[in-house]
Amino acid sequence: MNMTSDVTSRRRGPDSPIGRIAIGLFAAFLLVSVAVAPASQAGPETVWEPLLARLAADGVDRAEVAALFAAPGVAFDPAIMTKKVDSMVKNRFEPVTVTRRTLEKSGYRRFLDPWTISKAGRYMAENRAIFASAEKAYGVPAEVVAAILLVETKLGSYLGDREAFGVLASMALCSDFELVRGRLRNLKNSPERTAFAAQAALNKGNWAYAEFKALLAYAAAKKVSPLSIPGSIYGAIGICQFMPTNALKFGVDADNDGVIDLFSEADAIHSVANYLRGHGWRQGQSEDERRAAIYSYNHSNLYVMAVLAVADKLAAKRPAS
């Protein structure tokens with residue numbers, strides 16, 4: 001484009017009739033390009049305006065949040081909500097017969113190999129005092145907490161490769177169905193599917209909006225920029241992979257430093273135990289009740305099976321007291 005413009009100006013000159021036409025057409029092209037540019041490439045005020053207005057109406061400082069949205073690397077990504085809604089539509093209208101799967105035939109099997117179990121055992125030994133105090137305070141066995149941390153983040157070695165800020169903001173913005181409609185692959189020109197997808201986007205967008213506000217509150221309490229907090233594809237944070245609303249509700253300042261830091265062992269371990277107790281974990285409970293508490297952490301029966309299997313292996317290695 002630059003080479004062509006340069007040649008045109010040298011051959012005909014900007015003041016010639018042909019030159020003026022060329023310039024006019026080029027200007028029109030630029031205007032059209034801006035008009036049809038995808039939302040993810042427009043300026044931050046344009047892209048995020050509906051979200052900024054909503055936050056301001058809820059009492060969030062607009063200027064401060066707008067400055068965050070204008071930071072390098074923060075971009076609207078509709079693919080996150082698109083993937084979620086497409087999956088929901090498929091599951092709703094194209095259900096498949098679910099065969100009973102075992103841990104040995106699932107991705108969770110990697111957490112059961114002897115090397116990984118030994119690594120988790122060493123992690124527990126290194127943080128023995130923290131696990132013991134959490135077990136005493138909340139009544140949740142240390143092995144169950146360690147198993148969750150292993151399955152969630154490999155004991156803190158993998159905390160997600162996205163910024164929770166951009167993930168949750170993008171999903172919140174996508175409560176506007178028109179931002180994802182054209183990207184969905186499973187609508188198939190069906191009014192029923194489209195109506196379901198629109199409602200799903202609205203519900204998930206409102207959920208993400210609440211999580212986004214909680215992320216801002218969590219970051220403020222921690223006195224860090226929300227842009228500095230890594231997260232999962234749907235915005236879970238910390239060694240324990242809490243959603244921000246759970247960080248505010250169940251997060252524990254176990255080391256008494258005045259900050260709930262889910263990226264520190266002490267706070268994360270106590271927070272997991274506190275979460276499970278808050279979701280029904282009790283001494284002397286039935287197996288079904290125990291499974292239900294873990295299921296609340298991740299709505300997957302295979303997940304529950306994996307956590308309990310890892311916990312059993314770790315318990316077998318616990319030194320006799």
# chains A, B, ... in the order shown; residues from 1 in each chain; ligands from 1
$ select_by_dssp --residues "stretch 164-270 of chain A" --states "strand (DSSP E or B)" --output "mmCIF file with C-alpha atoms, in the first residue's frame"
data_model
loop_
_atom_site.group_PDB
_atom_site.id
_atom_site.type_symbol
_atom_site.label_atom_id
_atom_site.label_comp_id
_atom_site.auth_asym_id
_atom_site.auth_seq_id
_atom_site.Cartn_x
_atom_site.Cartn_y
_atom_site.Cartn_z
ATOM 1 C CA PRO A 230 -3.059 -14.595 35.525
ATOM 2 C CA GLY A 231 -6.066 -16.822 35.068
ATOM 3 C CA ILE A 237 -7.206 -17.466 39.620
ATOM 4 C CA PHE A 242 -11.020 -19.780 42.548
#
$ residues_around --residues "A:Ala71" --least-positions-apart "3" --cutoff "12 Å" --atoms "only C-alpha atoms" --output "ChimeraX atom specification"
/A:43-45,64-68,74-75,165-166,225-228
$ closest_atom_pairs --of "stretch 120-181 of chain A" --to "stretch 310-321 of chain A" --cutoff "8 Å" --atoms "only C-alpha atoms" --output "Markdown table"
| residue | atom | partner | partner_atom | distance |
| --- | --- | --- | --- | --- |
| A:Ala120 | CA | A:Leu314 | CA | 7.7 |
| A:Gly121 | CA | A:Leu314 | CA | 6.4 |
| A:Glu143 | CA | A:Ala311 | CA | 4.7 |
| A:Val144 | CA | A:Ala311 | CA | 5.0 |
| A:Ala146 | CA | A:Ala311 | CA | 7.4 |
| A:Ala147 | CA | A:Ala311 | CA | 5.5 |
$ residues_around --residues "A:Leu103" --least-positions-apart "3" --cutoff "7 Å" --atoms "only C-alpha atoms" --output "JSON, numbers by chain"
{"A": [106, 108, 109, 302, 306]}
$ write_last_selection --atoms "N, CA and C atoms" --output "PDB file, in the first residue's frame"
ATOM      1  N   SER A 106      -9.270 -41.577  31.136  1.00  0.00           N
ATOM      2  CA  SER A 106      -9.490 -40.135  31.063  1.00  0.00           C
ATOM      3  C   SER A 106      -8.169 -39.391  31.199  1.00  0.00           C
ATOM      4  N   TYR A 108      -7.445 -37.478  33.471  1.00  0.00           N
ATOM      5  CA  TYR A 108      -7.071 -37.382  34.888  1.00  0.00           C
ATOM      6  C   TYR A 108      -6.082 -38.467  35.312  1.00  0.00           C
ATOM      7  N   ARG A 109      -5.901 -39.472  34.477  1.00  0.00           N
ATOM      8  CA  ARG A 109      -5.023 -40.574  34.876  1.00  0.00           C
ATOM      9  C   ARG A 109      -3.584 -40.118  35.122  1.00  0.00           C
ATOM     10  N   LEU A 302     -15.888 -37.210  36.970  1.00  0.00           N
ATOM     11  CA  LEU A 302     -14.513 -37.681  36.811  1.00  0.00           C
ATOM     12  C   LEU A 302     -13.551 -36.872  37.680  1.00  0.00           C
ATOM     13  N   ALA A 306     -11.142 -38.342  40.516  1.00  0.00           N
ATOM     14  CA  ALA A 306      -9.697 -38.106  40.487  1.00  0.00           C
ATOM     15  C   ALA A 306      -9.203 -37.549  41.813  1.00  0.00           C
TER      16      ALA A 306
END
$ residues_around --residues "A:Thr82" --least-positions-apart "6" --cutoff "8 Å" --atoms "only C-alpha atoms" --output "list in words"
Val180, Arg183 and Leu184 of chain A
$ closest_residue --among "A:Asp267, A:Asp61, A:Glu135, A:Asp253" --to "A:Trp281" --atoms "only C-alpha atoms"
A:Glu135
$ residues_around --residues "A:Thr116" --least-positions-apart "5" --cutoff "10 Å" --atoms "only C-alpha atoms" --output "list of chain:residue names"
A:Arg110, A:Phe111, A:Gly121, A:Arg122, A:Leu150, A:Lys154, A:Val310
$ closest_residue --among "A:Ala169, A:Val89, A:Ile260, A:Val151" --to "A:Arg193" --atoms "only C-alpha atoms"
A:Val89
$ closest_residue --among "A:Ala63, A:Leu155, A:Ala293, A:Leu112" --to "A:Ala309" --atoms "only C-alpha atoms"
A:Leu112
$ residues_around --residues "A:Ala197" --least-positions-apart "3" --cutoff "9 Å" --atoms "only C-alpha atoms" --output "JSON, numbers by chain"
{"A": [85, 86, 88, 89, 177, 181, 184, 187, 192, 193, 194, 200, 201, 202]}
$ write_last_selection --atoms "N, CA and C atoms" --output "PDB file, in the first residue's frame"
ATOM      1  N   VAL A  85     -20.604 -20.766  24.305  1.00  0.00           N
ATOM      2  CA  VAL A  85     -21.994 -20.837  23.857  1.00  0.00           C
ATOM      3  C   VAL A  85     -22.161 -21.929  22.802  1.00  0.00           C
ATOM      4  N   ASP A  86     -21.203 -22.047  21.889  1.00  0.00           N
ATOM      5  CA  ASP A  86     -21.281 -23.120  20.894  1.00  0.00           C
ATOM      6  C   ASP A  86     -21.362 -24.481  21.574  1.00  0.00           C
ATOM      7  N   MET A  88     -22.483 -25.092  24.608  1.00  0.00           N
ATOM      8  CA  MET A  88     -23.777 -25.209  25.279  1.00  0.00           C
ATOM      9  C   MET A  88     -24.882 -25.560  24.287  1.00  0.00           C
ATOM     10  N   VAL A  89     -24.854 -24.937  23.113  1.00  0.00           N
ATOM     11  CA  VAL A  89     -25.858 -25.230  22.090  1.00  0.00           C
ATOM     12  C   VAL A  89     -25.751 -26.683  21.639  1.00  0.00           C
ATOM     13  N   PHE A 177     -25.503 -10.442  22.561  1.00  0.00           N
ATOM     14  CA  PHE A 177     -25.450 -11.622  21.693  1.00  0.00           C
ATOM     15  C   PHE A 177     -24.921 -11.308  20.301  1.00  0.00           C
ATOM     16  N   ARG A 181     -22.942 -13.772  17.657  1.00  0.00           N
ATOM     17  CA  ARG A 181     -23.890 -14.490  16.789  1.00  0.00           C
ATOM     18  C   ARG A 181     -23.222 -14.976  15.503  1.00  0.00           C
ATOM     19  N   LEU A 184     -20.826 -18.124  15.764  1.00  0.00           N
ATOM     20  CA  LEU A 184     -21.289 -19.422  16.237  1.00  0.00           C
ATOM     21  C   LEU A 184     -21.477 -20.390  15.076  1.00  0.00           C
ATOM     22  N   LEU A 187     -25.599 -22.877  15.279  1.00  0.00           N
ATOM     23  CA  LEU A 187     -26.963 -22.344  15.213  1.00  0.00           C
ATOM     24  C   LEU A 187     -27.776 -23.011  14.109  1.00  0.00           C
ATOM     25  N   GLU A 192     -34.872 -21.896  17.341  1.00  0.00           N
ATOM     26  CA  GLU A 192     -34.792 -22.433  18.702  1.00  0.00           C
ATOM     27  C   GLU A 192     -33.354 -22.383  19.222  1.00  0.00           C
ATOM     28  N   ARG A 193     -32.412 -22.785  18.374  1.00  0.00           N
ATOM     29  CA  ARG A 193     -31.013 -22.751  18.779  1.00  0.00           C
ATOM     30  C   ARG A 193     -30.546 -21.311  19.013  1.00  0.00           C
ATOM     31  N   THR A 194     -30.987 -20.425  18.144  1.00  0.00           N
ATOM     32  CA  THR A 194     -30.582 -19.027  18.268  1.00  0.00           C
ATOM     33  C   THR A 194     -31.114 -18.413  19.551  1.00  0.00           C
ATOM     34  N   ALA A 200     -28.145 -17.955  26.609  1.00  0.00           N
ATOM     35  CA  ALA A 200     -26.904 -18.459  27.205  1.00  0.00           C
ATOM     36  C   ALA A 200     -25.847 -17.367  27.270  1.00  0.00           C
ATOM     37  N   ALA A 201     -25.716 -16.593  26.198  1.00  0.00           N
ATOM     38  CA  ALA A 201     -24.742 -15.500  26.173  1.00  0.00           C
ATOM     39  C   ALA A 201     -25.085 -14.452  27.231  1.00  0.00           C
ATOM     40  N   LEU A 202     -26.380 -14.154  27.369  1.00  0.00           N
ATOM     41  CA  LEU A 202     -26.798 -13.185  28.370  1.00  0.00           C
ATOM     42  C   LEU A 202     -26.484 -13.668  29.780  1.00  0.00           C
TER      43      LEU A 202
END
$ atom_distance --atom1 "atom CA of A:Tyr209" --atom2 "atom CA of A:Glu178"
17.1 Å
$ closest_residue --among "A:Ser300, A:Gln199, A:Ser170, A:Gln241" --to "A:Val47" --atoms "only C-alpha atoms"
A:Ser170
$ closest_residue --among "A:Ile80, A:Ala56, A:Ile117, A:Ala266" --to "A:Ala172" --atoms "only C-alpha atoms"
A:Ile80
$ select_by_dssp --residues "stretch 169-210 of chain A" --states "helix (DSSP H, G or I)" --output "number ranges by chain"
A: 169-173, 177-179, 181-183, 191-210
$ closest_residue --among "A:His270, A:Lys223, A:Arg282, A:Arg185" --to "A:Lys90" --atoms "only C-alpha atoms"
A:Arg185
$ atom_distance --atom1 "atom CA of A:Asn127" --atom2 "atom CA of A:Thr245"
26.3 Å
